[in-house]
Structures are given as structure tokens and as C-alpha cells.
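Structure file coords-v1.csv with CSV, C-alpha atoms:
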```csv
chain,number,residue,atom,x,y,z
A,199,MET,CA,-6.7,-13.1,23.4
A,200,HIS,CA,-10.3,-12.4,22.4
A,201,GLU,CA,-10.5,-9.0,24.2
A,202,GLN,CA,-10.6,-7.0,21.0
A,203,PHE,CA,-13.3,-9.1,19.5
A,204,ARG,CA,-15.3,-9.0,22.8
A,205,GLN,CA,-15.2,-5.2,22.8
A,206,TYR,CA,-16.2,-5.1,19.1
A,207,LEU,CA,-19.2,-7.3,19.9
A,208,ALA,CA,-20.1,-5.5,23.1
A,209,GLN,CA,-20.3,-2.2,21.2
A,210,ARG,CA,-22.6,-3.7,18.6
A,211,THR,CA,-24.9,-6.1,20.3
A,212,THR,CA,-26.9,-6.4,23.5
A,213,ILE,CA,-25.6,-10.0,24.1
A,214,SER,CA,-25.0,-10.6,27.8
A,215,GLU,CA,-21.5,-11.1,29.1
A,216,LYS,CA,-22.2,-14.7,30.0
A,217,GLU,CA,-23.5,-15.5,26.5
A,218,LEU,CA,-20.6,-13.6,25.0
A,219,ASP,CA,-18.1,-15.8,26.9
A,220,TYR,CA,-19.8,-18.8,25.5
A,221,ILE,CA,-19.8,-17.4,21.9
A,222,LEU,CA,-16.2,-16.5,22.1
A,223,THR,CA,-15.1,-20.1,23.0
A,224,HIS,CA,-16.1,-21.0,19.5
A,225,PHE,CA,-13.6,-18.6,17.9
A,226,GLU,CA,-10.1,-20.1,17.6
A,227,LEU,CA,-7.1,-17.8,17.4
A,228,LYS,CA,-4.9,-18.2,14.4
A,229,HIS,CA,-1.6,-16.5,13.6
A,230,THR,CA,-0.6,-16.3,9.9
A,231,THR,CA,2.3,-15.2,7.8
A,232,LYS,CA,2.1,-12.7,5.0
A,233,ASN,CA,0.6,-13.9,1.7
A,234,GLU,CA,-0.7,-17.1,3.3
A,235,ILE,CA,-3.5,-18.8,1.3
A,236,LEU,CA,-6.3,-19.7,3.7
A,237,LEU,CA,-8.6,-21.1,1.0
A,238,SER,CA,-8.0,-22.1,-2.6
A,239,ALA,CA,-10.6,-22.0,-5.4
A,240,ASN,CA,-12.6,-25.2,-5.7
A,241,LYS,CA,-12.2,-26.0,-2.0
A,242,THR,CA,-15.2,-25.6,0.3
A,243,CYS,CA,-14.7,-22.8,2.9
A,244,LYS,CA,-15.1,-24.1,6.4
A,245,HIS,CA,-14.4,-20.9,8.3
A,246,LEU,CA,-15.5,-17.3,8.9
A,247,TYR,CA,-12.7,-15.0,10.0
A,248,PHE,CA,-12.7,-12.0,12.3
A,249,ILE,CA,-9.5,-9.9,11.8
A,250,GLN,CA,-7.9,-8.8,15.0
A,251,LYS,CA,-4.8,-7.7,13.2
A,252,GLY,CA,-3.7,-7.7,9.6
A,253,CYS,CA,-5.8,-8.0,6.5
A,254,LEU,CA,-7.3,-10.5,4.1
A,255,ARG,CA,-8.2,-10.4,0.5
A,256,ILE,CA,-10.7,-12.4,-1.5
A,257,PHE,CA,-9.7,-12.8,-5.1
A,258,CYS,CA,-10.5,-14.7,-8.3
A,259,ILE,CA,-8.2,-15.8,-11.0
A,260,GLN,CA,-9.4,-15.1,-14.5
A,261,ASP,CA,-9.0,-17.3,-17.5
A,262,ASP,CA,-6.0,-15.4,-18.7
A,263,GLY,CA,-4.3,-15.9,-15.3
A,264,GLN,CA,-5.0,-12.3,-14.2
A,265,GLU,CA,-6.1,-11.9,-10.6
A,266,TRP,CA,-9.1,-9.8,-9.7
A,267,THR,CA,-9.4,-8.8,-6.0
A,268,ARG,CA,-13.1,-8.8,-5.1
A,269,PHE,CA,-12.9,-7.7,-1.5
A,270,VAL,CA,-10.3,-6.7,1.1
A,271,ALA,CA,-11.0,-6.7,4.9
A,272,PHE,CA,-8.9,-5.0,7.7
A,273,GLU,CA,-8.9,-5.0,11.5
A,274,ASN,CA,-12.3,-5.4,13.1
A,275,GLU,CA,-13.9,-6.8,10.0
A,276,PHE,CA,-15.2,-10.2,9.1
A,277,ALA,CA,-14.1,-12.0,5.9
A,278,THR,CA,-14.6,-15.3,4.1
A,279,SER,CA,-15.6,-16.6,0.7
A,280,MET,CA,-19.3,-16.1,1.5
A,281,PRO,CA,-21.1,-18.2,-1.2
A,282,SER,CA,-18.9,-21.1,-0.3
A,283,PHE,CA,-19.2,-20.7,3.4
A,284,ILE,CA,-23.0,-20.2,3.4
A,285,ASN,CA,-23.8,-23.0,0.9
A,286,GLN,CA,-20.9,-25.3,1.9
A,287,GLU,CA,-20.0,-25.7,-1.8
A,288,PRO,CA,-16.7,-25.2,-3.7
A,289,SER,CA,-15.4,-21.6,-3.7
A,290,MET,CA,-14.7,-19.7,-6.9
A,291,ALA,CA,-12.4,-17.4,-4.9
A,292,TYR,CA,-9.2,-17.6,-2.9
A,293,ILE,CA,-8.7,-16.1,0.5
A,294,GLN,CA,-5.2,-14.8,1.2
A,295,THR,CA,-3.5,-12.8,4.0
A,296,ILE,CA,-1.9,-9.6,2.8
A,297,GLU,CA,0.1,-9.1,6.0
A,298,PRO,CA,1.0,-11.3,9.0
A,299,SER,CA,-2.4,-11.5,10.6
A,300,GLU,CA,-4.1,-12.4,13.9
A,301,LEU,CA,-7.5,-14.0,13.1
A,302,LEU,CA,-10.3,-15.5,15.1
A,303,ALA,CA,-11.8,-18.4,13.1
A,304,VAL,CA,-15.3,-19.9,13.7
A,305,THR,CA,-16.4,-23.1,11.8
A,306,TYR,CA,-19.5,-23.3,9.7
A,307,ASN,CA,-21.2,-25.7,12.2
A,308,ASP,CA,-20.4,-23.6,15.3
A,309,PHE,CA,-21.4,-20.4,13.6
A,310,TYR,CA,-24.9,-21.7,12.7
A,311,LYS,CA,-25.3,-23.4,16.0
A,312,LEU,CA,-24.8,-20.0,17.7
A,313,ILE,CA,-27.3,-18.4,15.4
A,314,ASP,CA,-29.9,-21.0,16.3
A,315,ARG,CA,-29.3,-20.5,20.0
A,316,PHE,CA,-28.9,-16.8,20.4
A,317,PRO,CA,-31.5,-14.4,18.6
A,318,GLU,CA,-29.1,-11.5,19.4
A,319,TRP,CA,-26.3,-13.2,17.5
A,320,GLU,CA,-28.6,-13.8,14.6
A,321,ARG,CA,-29.6,-10.1,14.6
A,322,PHE,CA,-25.9,-9.2,14.7
A,323,TYR,CA,-25.2,-11.5,11.7
A,324,ARG,CA,-28.2,-10.1,9.9
A,325,VAL,CA,-26.9,-6.5,10.1
A,326,LEU,CA,-23.4,-7.7,9.2
A,327,LEU,CA,-24.9,-9.4,6.1
A,328,GLU,CA,-26.8,-6.3,5.1
A,329,HIS,CA,-23.5,-4.3,5.2
A,330,ALA,CA,-21.6,-7.0,3.3
A,331,TYR,CA,-24.3,-7.2,0.7
A,332,VAL,CA,-24.5,-3.5,0.2
A,333,LYS,CA,-20.7,-3.2,0.0
A,334,SER,CA,-20.7,-6.0,-2.6
A,335,VAL,CA,-23.4,-4.5,-4.8
A,336,LYS,CA,-21.9,-1.0,-4.6
A,337,ARG,CA,-18.5,-2.5,-5.6
A,338,ILE,CA,-20.0,-4.1,-8.7
A,339,GLU,CA,-22.1,-1.0,-9.5
A,340,GLU,CA,-19.0,1.2,-9.2
A,341,PHE,CA,-17.0,-1.2,-11.3
A,342,ILE,CA,-19.7,-1.1,-14.1
A,343,THR,CA,-20.5,2.6,-14.1
A,344,MET,CA,-17.1,4.2,-13.5
A,345,ASP,CA,-14.0,4.5,-15.6
A,346,ALA,CA,-10.6,3.8,-14.2
A,347,TRP,CA,-9.9,7.4,-13.2
A,348,GLN,CA,-13.2,7.7,-11.3
A,349,MET,CA,-12.7,4.3,-9.7
A,350,TYR,CA,-9.2,5.2,-8.6
A,351,ASN,CA,-10.3,8.5,-7.0
A,352,THR,CA,-13.4,7.1,-5.4
A,353,THR,CA,-11.4,4.2,-3.9
A,354,LEU,CA,-8.7,6.5,-2.6
A,355,ARG,CA,-11.3,8.7,-0.9
A,356,ASN,CA,-13.5,5.9,0.5
A,357,CYS,CA,-10.8,3.5,1.5
A,358,PRO,CA,-7.3,5.0,1.6
A,359,LYS,CA,-6.0,1.9,3.5
A,360,LEU,CA,-6.2,0.0,0.3
A,361,SER,CA,-3.5,2.0,-1.5
A,362,GLN,CA,-1.4,2.1,1.7
A,363,ARG,CA,-1.4,-1.6,2.6
A,364,LEU,CA,-1.8,-3.5,-0.7
A,365,SER,CA,1.1,-4.1,-3.0
A,366,ASN,CA,0.9,-2.3,-6.4
A,367,LYS,CA,-0.1,-5.5,-8.1
A,368,GLN,CA,-2.8,-6.3,-5.5
A,369,TYR,CA,-4.2,-2.7,-5.7
A,370,ALA,CA,-4.3,-2.7,-9.5
A,371,SER,CA,-6.1,-6.1,-9.3
A,372,TYR,CA,-8.7,-4.5,-6.9
A,373,LEU,CA,-9.3,-1.6,-9.4
A,374,GLY,CA,-9.5,-4.1,-12.3
A,375,ILE,CA,-6.6,-2.4,-14.2
A,376,SER,CA,-3.0,-3.2,-15.1
A,377,GLN,CA,-0.1,-2.0,-12.9
A,378,GLU,CA,1.0,0.2,-15.8
A,379,THR,CA,-2.4,2.0,-15.8
A,380,LEU,CA,-2.2,2.3,-12.0
A,381,SER,CA,1.1,4.0,-12.3
A,382,ARG,CA,-0.3,6.4,-14.9
A,383,LEU,CA,-3.3,7.3,-12.7
A,384,LYS,CA,-0.9,7.9,-9.7
A,385,SER,CA,1.2,10.3,-11.7
A,386,ARG,CA,-1.8,12.0,-13.2
A,387,ARG,CA,-3.0,12.7,-9.6
B,256,MET,CA,-55.0,-10.9,-3.5
B,257,HIS,CA,-52.1,-11.8,-1.2
B,258,GLU,CA,-52.8,-15.6,-1.4
B,259,GLN,CA,-49.8,-16.5,-3.5
B,260,PHE,CA,-47.5,-14.5,-1.1
B,261,ARG,CA,-49.2,-16.1,1.9
B,262,GLN,CA,-48.5,-19.6,0.6
B,263,TYR,CA,-44.9,-18.6,-0.3
B,264,LEU,CA,-44.3,-17.4,3.3
B,265,ALA,CA,-46.2,-20.3,4.9
B,266,GLN,CA,-43.9,-22.7,3.1
B,267,ARG,CA,-40.7,-20.9,4.3
B,268,THR,CA,-41.4,-19.7,7.8
B,269,THR,CA,-43.1,-20.9,11.0
B,270,ILE,CA,-44.9,-17.5,11.4
B,271,SER,CA,-48.4,-18.1,12.8
B,272,GLU,CA,-51.5,-17.4,10.7
B,273,LYS,CA,-52.5,-14.5,12.8
B,274,GLU,CA,-49.1,-12.9,12.6
B,275,LEU,CA,-49.0,-13.6,8.8
B,276,ASP,CA,-52.3,-11.7,8.5
B,277,TYR,CA,-50.8,-8.8,10.2
B,278,ILE,CA,-47.6,-8.8,8.2
B,279,LEU,CA,-49.6,-9.1,4.9
B,280,THR,CA,-51.6,-5.9,5.7
B,281,HIS,CA,-48.3,-4.0,5.2
B,282,PHE,CA,-47.8,-5.2,1.6
B,283,GLU,CA,-49.7,-3.1,-1.0
B,284,LEU,CA,-50.8,-4.6,-4.3
B,285,LYS,CA,-49.5,-2.7,-7.3
B,286,HIS,CA,-50.2,-3.5,-11.0
B,287,THR,CA,-47.7,-2.2,-13.5
B,288,THR,CA,-47.4,-2.0,-17.3
B,289,LYS,CA,-44.4,-3.4,-19.2
B,290,ASN,CA,-41.1,-1.4,-19.1
B,291,GLU,CA,-42.4,0.8,-16.2
B,292,ILE,CA,-39.6,2.5,-14.3
B,293,LEU,CA,-40.2,1.9,-10.5
B,294,LEU,CA,-37.1,3.7,-9.4
B,295,SER,CA,-34.6,6.0,-11.2
B,296,ALA,CA,-30.9,6.3,-10.4
B,297,ASN,CA,-30.1,9.0,-7.8
B,298,LYS,CA,-33.5,8.5,-6.1
B,299,THR,CA,-33.9,6.8,-2.7
B,300,CYS,CA,-35.6,3.5,-2.9
B,301,LYS,CA,-38.6,3.4,-0.5
B,302,HIS,CA,-40.0,-0.1,-1.4
B,303,LEU,CA,-39.1,-3.7,-1.4
B,304,TYR,CA,-41.2,-5.7,-4.0
B,305,PHE,CA,-42.5,-9.3,-3.9
B,306,ILE,CA,-43.3,-10.4,-7.4
B,307,GLN,CA,-46.6,-12.3,-7.7
B,308,LYS,CA,-46.6,-12.1,-11.5
B,309,GLY,CA,-44.2,-10.6,-14.1
B,310,CYS,CA,-40.5,-9.7,-13.6
B,311,LEU,CA,-38.3,-6.8,-12.6
B,312,ARG,CA,-34.8,-5.9,-13.6
B,313,ILE,CA,-32.2,-3.8,-11.7
B,314,PHE,CA,-29.8,-2.1,-14.1
B,315,CYS,CA,-27.1,0.6,-14.2
B,316,ILE,CA,-26.3,3.0,-17.0
B,317,GLN,CA,-22.6,3.2,-17.8
B,318,ASP,CA,-20.8,6.4,-18.7
B,319,ASP,CA,-21.1,5.6,-22.4
B,320,GLY,CA,-24.9,5.3,-22.1
B,321,GLN,CA,-24.8,1.4,-22.2
B,322,GLU,CA,-27.1,-0.4,-19.8
B,323,TRP,CA,-25.8,-3.2,-17.6
B,324,THR,CA,-28.4,-5.4,-16.0
B,325,ARG,CA,-27.3,-6.4,-12.6
B,326,PHE,CA,-30.2,-8.6,-11.5
B,327,VAL,CA,-33.5,-10.0,-12.8
B,328,ALA,CA,-36.2,-11.3,-10.5
B,329,PHE,CA,-39.2,-13.4,-11.5
B,330,GLU,CA,-42.4,-14.7,-9.8
B,331,ASN,CA,-42.0,-15.6,-6.1
B,332,GLU,CA,-38.9,-13.5,-5.7
B,333,PHE,CA,-38.1,-10.3,-4.0
B,334,ALA,CA,-36.4,-7.4,-5.7
B,335,THR,CA,-35.3,-3.9,-4.9
B,336,SER,CA,-32.2,-1.7,-5.2
B,337,MET,CA,-30.8,-3.1,-2.0
B,338,PRO,CA,-28.1,-0.6,-1.1
B,339,SER,CA,-30.5,2.2,-1.5
B,340,PHE,CA,-33.3,0.5,0.4
B,341,ILE,CA,-31.1,-0.7,3.3
B,342,ASN,CA,-29.2,2.6,3.8
B,343,GLN,CA,-32.0,4.9,2.6
B,344,GLU,CA,-29.6,6.7,0.3
B,345,PRO,CA,-29.7,7.5,-3.5
B,346,SER,CA,-29.6,4.5,-5.7
B,347,MET,CA,-27.0,3.9,-8.4
B,348,ALA,CA,-29.4,1.5,-10.2
B,349,TYR,CA,-32.8,1.7,-11.9
B,350,ILE,CA,-35.7,-0.7,-11.2
B,351,GLN,CA,-37.8,-1.5,-14.2
B,352,THR,CA,-40.6,-4.0,-15.0
B,353,ILE,CA,-39.9,-6.3,-18.0
B,354,GLU,CA,-43.5,-7.4,-18.3
B,355,PRO,CA,-46.8,-6.2,-17.0
B,356,SER,CA,-46.4,-7.2,-13.3
B,357,GLU,CA,-48.4,-7.8,-10.2
B,358,LEU,CA,-46.3,-6.7,-7.2
B,359,LEU,CA,-46.6,-6.5,-3.5
B,360,ALA,CA,-44.8,-3.5,-2.1
B,361,VAL,CA,-43.7,-2.9,1.5
B,362,THR,CA,-42.2,0.4,2.6
B,363,TYR,CA,-38.9,0.7,4.3
B,364,ASN,CA,-40.5,1.8,7.6
B,365,ASP,CA,-43.0,-1.0,7.7
B,366,PHE,CA,-40.5,-3.6,6.7
B,367,TYR,CA,-38.1,-2.8,9.6
B,368,LYS,CA,-41.0,-2.4,12.0
B,369,LEU,CA,-42.0,-6.0,11.2
B,370,ILE,CA,-38.4,-7.2,11.7
B,371,ASP,CA,-38.3,-5.6,15.1
B,372,ARG,CA,-41.6,-7.1,16.1
B,373,PHE,CA,-41.4,-10.7,14.7
B,374,PRO,CA,-38.2,-12.7,15.2
B,375,GLU,CA,-39.5,-15.2,12.7
B,376,TRP,CA,-39.8,-12.5,10.1
B,377,GLU,CA,-36.2,-11.4,10.9
B,378,ARG,CA,-35.0,-15.0,10.4
B,379,PHE,CA,-36.9,-15.2,7.1
B,380,TYR,CA,-35.2,-12.0,6.0
B,381,ARG,CA,-31.8,-13.2,7.1
B,382,VAL,CA,-32.1,-16.3,5.0
B,383,LEU,CA,-33.3,-14.2,2.1
B,384,LEU,CA,-30.3,-11.9,2.5
B,385,GLU,CA,-27.9,-14.8,2.5
B,386,HIS,CA,-29.4,-16.0,-0.8
B,387,ALA,CA,-29.3,-12.6,-2.3
B,388,TYR,CA,-25.8,-12.0,-1.2
B,389,VAL,CA,-24.5,-15.3,-2.5
B,390,LYS,CA,-26.3,-14.7,-5.8
B,391,SER,CA,-24.8,-11.3,-6.1
B,392,VAL,CA,-21.2,-12.5,-5.4
B,393,LYS,CA,-21.5,-15.4,-7.7
B,394,ARG,CA,-22.8,-13.1,-10.5
B,395,ILE,CA,-19.7,-10.9,-10.1
B,396,GLU,CA,-17.3,-13.9,-9.8
B,397,GLU,CA,-18.8,-15.4,-13.0
B,398,PHE,CA,-18.6,-12.1,-14.7
B,399,ILE,CA,-14.9,-11.8,-13.8
B,400,THR,CA,-13.7,-15.3,-14.4
B,401,MET,CA,-15.7,-16.4,-17.4
B,402,ASP,CA,-15.5,-15.3,-21.1
B,403,ALA,CA,-18.7,-14.5,-23.0
B,404,TRP,CA,-19.2,-18.0,-24.3
B,405,GLN,CA,-18.9,-19.6,-20.8
B,406,MET,CA,-21.1,-16.9,-19.4
B,407,TYR,CA,-23.7,-17.5,-22.1
B,408,ASN,CA,-23.8,-21.2,-21.6
B,409,THR,CA,-23.8,-21.0,-17.7
B,410,THR,CA,-26.6,-18.5,-17.8
B,411,LEU,CA,-28.7,-20.6,-20.2
B,412,ARG,CA,-28.2,-23.6,-18.0
B,413,ASN,CA,-28.8,-22.0,-14.6
B,414,CYS,CA,-31.6,-19.6,-15.6
B,415,PRO,CA,-33.3,-20.4,-18.9
B,416,LYS,CA,-36.1,-17.9,-18.1
B,417,LEU,CA,-33.7,-15.0,-18.8
B,418,SER,CA,-33.3,-15.8,-22.5
B,419,GLN,CA,-37.0,-16.5,-22.8
B,420,ARG,CA,-38.4,-13.4,-21.1
B,421,LEU,CA,-35.9,-10.7,-21.6
B,422,SER,CA,-35.6,-8.8,-24.9
B,423,ASN,CA,-32.4,-9.4,-26.9
B,424,LYS,CA,-31.1,-6.0,-25.8
B,425,GLN,CA,-31.9,-6.7,-22.1
B,426,TYR,CA,-30.4,-10.2,-22.3
B,427,ALA,CA,-27.2,-8.9,-23.9
B,428,SER,CA,-27.0,-6.2,-21.1
B,429,TYR,CA,-27.3,-9.0,-18.5
B,430,LEU,CA,-24.4,-10.9,-20.1
B,431,GLY,CA,-22.4,-7.7,-20.4
B,432,ILE,CA,-22.0,-8.1,-24.2
B,433,SER,CA,-23.3,-6.3,-27.3
B,434,GLN,CA,-26.4,-7.6,-29.1
B,435,GLU,CA,-24.2,-8.5,-32.1
B,436,THR,CA,-22.0,-10.7,-29.9
B,437,LEU,CA,-25.2,-12.3,-28.4
B,438,SER,CA,-26.4,-13.1,-31.9
B,439,ARG,CA,-23.0,-14.7,-32.7
B,440,LEU,CA,-23.1,-16.8,-29.5
B,441,LYS,CA,-26.7,-18.0,-30.3
B,442,SER,CA,-25.8,-19.1,-33.8
B,443,ARG,CA,-22.6,-20.8,-32.5
B,444,ARG,CA,-24.8,-22.9,-30.2
```
Transcribe the structure of this file into C-alpha cells.
Amino acid sequence: MHEQFRQYLAQRTTISEKELDYILTHFELKHTTKNEILLSANKTCKHLYFIQKGCLRIFCIQDDGQEWTRFVAFENEFATSMPSFINQEPSMAYIQTIEPSELLAVTYNDFYKLIDRFPEWERFYRVLLEHAYVKSVKRIEEFITMDAWQMYNTTLRNCPKLSQRLSNKQYASYLGISQETLSRLKSRR
Amino acid sequence: MHEQFRQYLAQRTTISEKELDYILTHFELKHTTKNEILLSANKTCKHLYFIQKGCLRIFCIQDDGQEWTRFVAFENEFATSMPSFINQEPSMAYIQTIEPSELLAVTYNDFYKLIDRFPEWERFYRVLLEHAYVKSVKRIEEFITMDAWQMYNTTLRNCPKLSQRLSNKQYASYLGISQETLSRLKSRR
């Protein structure tokens, strides 16, 4: 049941098979339905998820009730509400499945126990963090410097899965625009 | 000339004094004037800076010419245009000094050479990355979920240095509002 994750790690780390076996015992398989809320705002996030199948979105709810999708992760990616997970403090964001998903969940305590024990695992996490950080900063920089049309085209080019697998409402909330504007951009293209 | 940085590292890592000596030889002292541009957009960022004195801001220029300040770092903090530094690709952001500053600069090549060589240095960087990532995500989540008045008060409470050391124009660009709106918020308080 962890085979996909094992392959993913074997391709990216030099962790021995024996250590990998041990690491994998800390990841628990979880099947979800579509649109399942895994974490609500103001709750502390206890898990980091690896996605074997399906996708997760991290979103915030604005004062006026509008949703803003900060991040979407697909197969072979990790996702959680990072500030809440790292600092073990209440989350500003929600975590929700977009499709029925197959996840591998590791708890905060187990995750950091593995980091203290295996330098290779720490290195793997460091590189993961770099990618996540870069993605997050690029996302905000695009959000700030681009208008809706540029954002729409850049997103379509860099991550076509988003428009294919998110609902119109979710996709609009990822682009930070209304569903009406999204429809206009689609017909303009 | 590296004494402040040495103390900073000694308090946060278990790197031996000998290793620390070696690490420090890779950080070059740089004195800057006020408002000096250390990196322009579309250039690849070659340096990571530790601030011994002064402050740096990372900002983007929007389509309409407006500046948006993504991040400000003060004494005893690191700063760079992270996506550009990590991936060695053109930066979307500018790096500018806000005050005359005393910086310690390490090159990309030296920084990653040190990471490969010293596990303790990698751990130090991993924790630094976690903080930077959390800060970046919180910043965007606050930006999305808060109105100008909430943002103004939260920023004043969490980082009073920003209003004290940035110009009105820079501070407004950090809050994502016009200088006129900032003046209104100040008098409302």
C-alpha cells in the first residue's frame, strides 16, 4: 500500500531500504471522499500528507466569505497547512480534498522524530522545503505583479491540471477572480 | 568583523569553533549606502545576505508601476530573493537597502558547498527555511484574509520596527495600500 511512496522516495533520496521500511511504518494510509475537510481554520494541524491519488487544496476564507485557494497539490506531492504544522499553532487555512483521495499521513511527532534520526530524511525534507518555499513566493509574486489575464495564461501553461481537476468555483478562487471573470477569460482565449 | 554573526550562529547551532571559523571565511563584508539596489528584477541572485546592521527590503513592481514590498529584514536576519537564489534563475523581485547597512554576503556556490560539507550547517539552514516559509505563508494569508485596518494593527503589533524604519511610501507598499489610506489609518488610531 506504500509502494508508490516508496518508489517516490527511492528516486529522490539515498536512504537505505531498511531505513525506508522503518520510515514508511510512520505513514498511515487514509482514504477520503471528495470535498472532505481534513483541517478547519483555527485548528492545529497534526498531519503532513503525501498524496498517492487525488488532490488537496489549501484555502483561506476572506472576511466577506469569499474563498481564496492558496495551494493545490496532486499525486506524488506533499501538502499540509505548513505554518500550523511546523509551529503547532492554529491554522489560518483549511485543507480539503478535491477528489476522492488516497493519502499517507504522518504525525508531527513522528515526522520530526524521523528527521532527528535520519540525516538523509532531513536532507530530503530540506529540499522539499526549498521547493515549497519557492513555489509559495512565486505564487504571491505572480499574484502581485500580474493582471487576471496574465495570471490565467501563466497558470494554464505551468499547471494545466488545475483547470482540468478543480471546479470552476475552486479554479476562480485559485486565480483570485470571480467565476464571471473566469468565464470571460475562457471565452477570450 | 564577523563577531556578531559568529555569536548569532553559536547561539543557534552546535557547530564547532573551528568549523565556524571556516564557514565565516565564506561570508564577505559589504557596506552599503541607503536605498542601494543589490538586485534588480530579471537578474539572477548570486548572494544570500546576513544583516549585521541596517535593513533590506524585497519588493516587486506591479504592472501599473506600483511597488509591493514582500519582505523586510532587520539586524540578525537573512535576506535574499529566495526563488532566484535557490533555483539560480531570474528574480521577479528587487533587493534594496532601506538604511546604510553592514551585510555579510555568501555566494550561491559557497553556501551549498558548506551545506554539503557540514550537516550542522544544513540543519541550521533547514530551520531557517522553515521560519522563512512560515513567515511568507502567514504574510500572504494575512494579506488575503484581513482588511487594511486589521492588517495595519496586526503589523504594528507584530513588527513595530516596520513603521519606525520604513518611509511612509515603503510602509504603505508593505501593507498593500496607498499612502493616503495609510495616513487615514494612522489618524484613526
Could you list, as a PyMOL selection string, every residue within 12 Å of B:Leu275, counting all atoms listed in the file and ignoring same-chain residues fewer than 2 positions away? chain B and resi 257-258+260-273+277-282+369+373+375-376
Margin query: Set the cut-off to 8 Å and count only C-alpha atoms: what are the residues of chain A that reach chain B? Output as a VMD selection string.
Written below: chain A and resid 258 to 261 266 280 to 281 284 290 to 291 317 320 to 321 324 327 to 328 330 to 336 338 to 339 342 to 345
*Would you be able to write out as a ChimeraX atom specification which residues have an atom within 12 Å of (-37.3, -8.5, -5.9) in the file's coordinates, counting only C-alpha atoms?*
/B:293,302-313,326-337,340,350-352,356-361,383-384,387
**Message:** Please return as JSON, numbers by chain every residue within 6 Å of (-46.6, -5.7, -21.9), taking into account only C-alpha atoms and the file's own coordinates.
**Reply:** {"B": [288, 289, 354, 355]}
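Coordinates place atom CA of A:Ile375 at a distance of 24.2 Å from atom CA of A:Leu237.
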note - atom CA of B:Gln259 and atom CA of B:Thr409 are separated by 30.0 Å
Which of these, A:Tyr292, A:Tyr310, A:Tyr372, A:Phe322, has the shortest distance to A:Tyr350 once you count all atoms listed in the file?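 The closest residue to A:Tyr350 is A:Tyr372.
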Practice prompt. Considering only C-alpha atoms, return as a VMD selection string whatever protein or nucleic-acid residues lie within 12 Å of A:Arg382, sequence-local ones (same chain, fewer than 4 positions apart) excluded.
Written response: chain A and resid 346 to 347 350 370 375 to 378 386 to 387
Q.
For a test of reading the model, state the distance in Å between atom CA of A:Gln286 and atom CA of A:Thr242, rounded to one decimal.
A.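 Result for atom CA of A:Gln286 versus atom CA of A:Thr242: 5.9 Å, one decimal.
Taking only C-alpha atoms into account, A:Gln362 lies nearest to A:Ile296 out of the set A:Glu287, A:Ser385, A:Ile296, A:Lys311.
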